[in-house]
Amino acid sequence: QSRLRLEAEIVRDAHLAASGLLAAKIGGPSVRPALPADIAALGYANSVKWQESEGEDRYRRGMYIFFQRTVPFPMLMTFDAPNSTTTCTRRDRSNTPLQALTLWNDPAFFECARALSKRVLGEPTLDARLQRAFELCLARPPGDVELARLRQLFEDQQRLTRERPKSAAAILGLEGDVALPADPVDDASLVAAVRVIMNLDEFITRD
């Protein structure tokens, strides 16, 4: 069959599932995950009051996201979710630079990468961590060349983070006086490697 990019809701679900954040709850009212900054202010006459969901509701499947007609959830629109005001018999599937920018920069996907890196920290070696993250995302082990490239990426990120110590806290999402982990450089470098895996075309494409 033809290779197809996952539907908009499933793109988000795949990230949550691989990271271990996905809430398994079925049914119930709609949820309001975090929006990028200032998006709600674009609503008509500043009338959109987007109260972010907390707890497991923040990580529920994309099909439960509240659809605000005047300010549709931007990530869903970027990945061709249908307009809720009309009948949809077949979804469009585009491939745009904005989709890549969303996967790289949307805070929700960055949060998933951090969670996945924590999920694999229990593995004893760097190669084992990279292999486990790869398998959780792509359901197959990495080849020798793929693993070597990820290892090189990790080492390059280590060097860059040591040169800019404050960047480790930013990558890990730790601000202010929050205590850093025992080895923030390695932890931040692993997040960077995991982000690359989660941004592979293979991760959001159904073969």
# chains A, B, ... in the order shown; residues from 1 in each chain; ligands from 1
>>> residues_around(residues="segment 33-41 of chain A", least_positions_apart="2", cutoff="7 Å", atoms="only C-alpha atoms", output="ChimeraX atom specification")
/A:31,43,46,48-50,52-53,58,71
>>> residues_around(residues="Gly20 of chain A", least_positions_apart="4", cutoff="12 Å", atoms="only C-alpha atoms", output="number ranges by chain")
A: 13-16, 24, 56, 59-60, 111-120, 133, 136-137
>>> write_last_selection(atoms="N, CA and C atoms", output="compact mmCIF listing (two decimals), in the first residue's frame")
# COMPACT_ATOMS: atom_id res chain seq x y z
N ASP A 13 -0.55 11.85 19.00
CA ASP A 13 -0.68 10.64 19.81
C ASP A 13 0.58 9.80 19.76
N ALA A 14 1.22 9.72 18.59
CA ALA A 14 2.43 8.91 18.45
C ALA A 14 3.55 9.45 19.33
N HIS A 15 3.68 10.77 19.38
CA HIS A 15 4.69 11.36 20.25
C HIS A 15 4.39 11.07 21.72
N LEU A 16 3.14 11.23 22.10
CA LEU A 16 2.77 10.97 23.50
C LEU A 16 2.97 9.51 23.86
N ALA A 24 -4.51 6.89 28.86
CA ALA A 24 -5.29 5.81 28.26
C ALA A 24 -6.79 5.97 28.46
N GLU A 56 -3.75 14.26 33.73
CA GLU A 56 -3.76 13.37 32.58
C GLU A 56 -4.53 13.96 31.40
N TYR A 59 -2.64 15.13 28.44
CA TYR A 59 -2.01 14.15 27.56
C TYR A 59 -3.01 13.16 26.96
N ARG A 60 -4.24 13.57 26.84
CA ARG A 60 -5.23 12.68 26.24
C ARG A 60 -5.11 12.69 24.72
N GLU A 111 8.33 18.61 24.98
CA GLU A 111 8.04 17.94 26.24
C GLU A 111 8.06 16.42 26.07
N CYS A 112 7.55 15.95 24.94
CA CYS A 112 7.57 14.51 24.67
C CYS A 112 9.00 13.99 24.55
N ALA A 113 9.87 14.76 23.91
CA ALA A 113 11.26 14.34 23.78
C ALA A 113 11.93 14.25 25.14
N ARG A 114 11.66 15.22 26.00
CA ARG A 114 12.23 15.17 27.35
C ARG A 114 11.73 13.94 28.10
N ALA A 115 10.43 13.65 27.97
CA ALA A 115 9.87 12.50 28.68
C ALA A 115 10.45 11.19 28.16
N LEU A 116 10.65 11.10 26.84
CA LEU A 116 11.21 9.88 26.27
C LEU A 116 12.66 9.70 26.73
N SER A 117 13.41 10.79 26.80
CA SER A 117 14.80 10.66 27.27
C SER A 117 14.84 10.17 28.71
N LYS A 118 13.92 10.63 29.54
CA LYS A 118 13.86 10.14 30.93
C LYS A 118 13.45 8.66 30.95
N ARG A 119 12.59 8.29 30.01
CA ARG A 119 12.10 6.91 29.97
C ARG A 119 13.22 5.92 29.70
N VAL A 120 14.23 6.34 28.94
CA VAL A 120 15.30 5.40 28.58
C VAL A 120 16.55 5.57 29.44
N ALA A 133 15.27 4.07 22.71
CA ALA A 133 14.48 5.19 22.21
C ALA A 133 14.09 4.98 20.75
N LEU A 136 11.28 2.38 20.59
CA LEU A 136 10.00 2.91 21.05
C LEU A 136 9.35 3.80 20.00
N CYS A 137 10.17 4.49 19.22
CA CYS A 137 9.63 5.39 18.20
C CYS A 137 9.31 4.68 16.90
>>> atom_distance(atom1="atom CA of Leu4 of chain A", atom2="atom CA of Thr205 of chain A")
5.5 Å
>>> residues_around(residues="Thr161 of chain A", least_positions_apart="2", cutoff="12 Å", atoms="only C-alpha atoms", output="number ranges by chain")
A: 154-159, 163-172, 183-192
>>> select_by_dssp(residues="segment 48-192 of chain A", states="alpha helix (DSSP H)", output="MDAnalysis selection string")
chainID A and resid 74:78 97:105 107:119 126:138 144:163 166:172 184:192
>>> residues_around(residues="Gly28 of chain A", least_positions_apart="6", cutoff="12 Å", atoms="only C-alpha atoms", output="number ranges by chain")
A: 57, 60-61, 63-66
>>> closest_residue(among="A:Leu138, A:Leu126, A:Val11, A:Leu76", to="Ala193 of chain A", atoms="only C-alpha atoms")
A:Leu126
>>> atom_distance(atom1="atom CA of Asp127 of chain A", atom2="atom CA of Arg195 of chain A")
15.9 Å
>>> atom_distance(atom1="atom CA of Pro142 of chain A", atom2="atom CA of Leu130 of chain A")
8.7 Å
>>> closest_residue(among="A:Met198, A:Ala100, A:Leu22, A:Leu42", to="Thr70 of chain A", atoms="only C-alpha atoms")
A:Leu42
>>> closest_residue(among="A:Ala18, A:Ile26, A:Ser84, A:Leu150", to="Glu135 of chain A", atoms="only C-alpha atoms")
A:Ala18
>>> closest_residue(among="A:Leu147, A:Asp92, A:Gly122, A:Gly62", to="Ala17 of chain A", atoms="only C-alpha atoms")
A:Gly62
